[in-house]
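A.B. asks: Pasting a structure here, questions to come.
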Amino acid sequence: MAMKKDELINIIASNIKKYRNAAGMRQLDLSVQINVIENHIYMLESGKRTPSIETILKIANALNIEPYKLLKK
């Protein structure tokens, strides 16, 4: 069955938060590392904003994970 856009956004949001917490980082720490405002991280983690491919790559690099992990259920 095909995945819907909203489902993928929720998976990404959850994974960003999960891996950020596992890395012991605050939203502010991650925002500084990827050069965005802290509210942007909040919006991504709450599913209110969809990250670009570039942002996914930046987040993955900052968290020292492979980018696909942010997309995986």
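Ordering of the structure tokens sets the chain letters (A, B, ...); residue numbers start at 1 within each chain; ligands are numbered from 1 in the order shown.
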Write out as a ChimeraX atom specification the residues lying within 8 Å of A:Leu57, counting only C-alpha atoms and excluding same-chain residues fewer than 4 positions away.

C.D. replies: /A:53,61,67

A.B. asks: Write down as a PyMOL selection string the residues of chain A whose backbone DSSP state falls under alpha helix (DSSP H).

C.D. replies: chain A and resi 5-22+27-34+38-45+53-63

A.B. asks: List as a list in words the protein and nucleic acid residues near A:Ile11, meaning an atom at most 8 Å away when only C-alpha atoms are counted, but skip any in the same chain fewer than 6 places from it.

C.D. replies: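 Near A:Ile11, the qualifying residues are Leu70, Leu71, Lys72 and Lys73 of chain A.
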
A.B. asks: Save the residues we just selected, N, CA and C atoms, as a compact mmCIF listing (two decimals), in the first residue's frame?

C.D. replies:
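Generated output (selection.txt):
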# COMPACT_ATOMS: atom_id res chain seq x y z
N LEU A 70 16.00 8.91 8.79
CA LEU A 70 14.96 9.89 9.09
C LEU A 70 13.66 9.58 8.34
N LEU A 71 13.76 8.77 7.29
CA LEU A 71 12.58 8.44 6.48
C LEU A 71 11.99 7.08 6.81
N LYS A 72 12.69 6.31 7.60
CA LYS A 72 12.31 4.92 7.88
C LYS A 72 11.33 4.81 9.03
N LYS A 73 10.30 4.01 8.82
CA LYS A 73 9.29 3.75 9.86
C LYS A 73 9.89 3.08 11.05

A.B. asks: Would you list the contacts of A:Ser14 as a VMD selection string, taking every protein, DNA or RNA residue within 10 Å and counting only C-alpha atoms, but skipping same-chain residues closer than 3 positions in sequence?

C.D. replies: chain A and resid 8 to 11 17 to 20 44 to 47 70 to 71 73

A.B. asks: Could those residues be written to a file, using C-alpha atoms, as an mmCIF file, in the first residue's frame?

C.D. replies:
data_model
loop_
_atom_site.group_PDB
_atom_site.id
_atom_site.type_symbol
_atom_site.label_atom_id
_atom_site.label_comp_id
_atom_site.auth_asym_id
_atom_site.auth_seq_id
_atom_site.Cartn_x
_atom_site.Cartn_y
_atom_site.Cartn_z
ATOM 1 C CA LEU A 8 5.766 10.350 5.798
ATOM 2 C CA ILE A 9 5.892 13.834 7.351
ATOM 3 C CA ASN A 10 4.895 12.330 10.723
ATOM 4 C CA ILE A 11 7.573 9.624 10.406
ATOM 5 C CA LYS A 17 13.067 14.090 17.594
ATOM 6 C CA LYS A 18 14.074 10.501 18.402
ATOM 7 C CA TYR A 19 17.586 10.792 16.967
ATOM 8 C CA ARG A 20 18.093 14.293 18.376
ATOM 9 C CA LEU A 44 9.815 20.010 11.802
ATOM 10 C CA GLU A 45 9.412 17.829 14.889
ATOM 11 C CA SER A 46 5.743 18.706 15.233
ATOM 12 C CA GLY A 47 5.067 17.912 11.558
ATOM 13 C CA LEU A 70 14.961 9.894 9.090
ATOM 14 C CA LEU A 71 12.585 8.440 6.481
ATOM 15 C CA LYS A 73 9.292 3.755 9.859
#

A.B. asks: Excluding stretch 30-32 of chain A and its own-chain neighbours fewer than 5 positions away, which residues fall within 9 Å of it when counting only C-alpha atoms? Please give them as a VMD selection string.

C.D. replies: chain A and resid 20 25 37 to 41 59 62 to 63

A.B. asks: Restricted to C-alpha atoms, what would the selected residues look like written as a compact mmCIF listing (two decimals), in the first residue's frame?

C.D. replies:
# COMPACT_ATOMS: atom_id res chain seq x y z
CA ARG A 20 18.09 14.29 18.38
CA MET A 25 20.86 17.46 21.83
CA ILE A 37 16.24 29.20 14.02
CA GLU A 38 15.16 26.99 16.92
CA ASN A 39 11.49 27.36 15.96
CA HIS A 40 12.27 25.67 12.63
CA ILE A 41 13.31 22.49 14.48
CA ILE A 59 20.07 17.09 10.10
CA ALA A 62 24.50 16.87 12.52
CA LEU A 63 23.11 13.74 14.20

A.B. asks: Pick the closest to A:Glu7 from A:Ile65, A:Thr55, A:Arg26, A:Thr50: which is it, counting only C-alpha atoms?

C.D. replies: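 Among the listed residues, the smallest separation from A:Glu7 belongs to A:Thr50.
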
A.B. asks: Quick one, how far is atom CA of A:Asp29 from atom CA of A:Lys48?

C.D. replies: 19.8 Å

A.B. asks: Can you measure atom CA of A:Met3 to atom CA of A:Asn21 for me? One decimal in Å is fine.

C.D. replies: 26.0 Å

A.B. asks: When distances are computed from only C-alpha atoms, which of A:Lys4, A:Gln27, A:Ala13, A:Gln33 shows the smallest separation from A:Asn64?

C.D. replies: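 That would be A:Gln33, the residue with the smallest distance to A:Asn64.
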
A.B. asks: So which one's closest to A:Arg49, A:Ala22, A:Ile12, A:Ile34, A:Ala2? Using only C-alpha atoms, please.

C.D. replies: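 Closest residue, counting only C-alpha atoms: A:Ile12.
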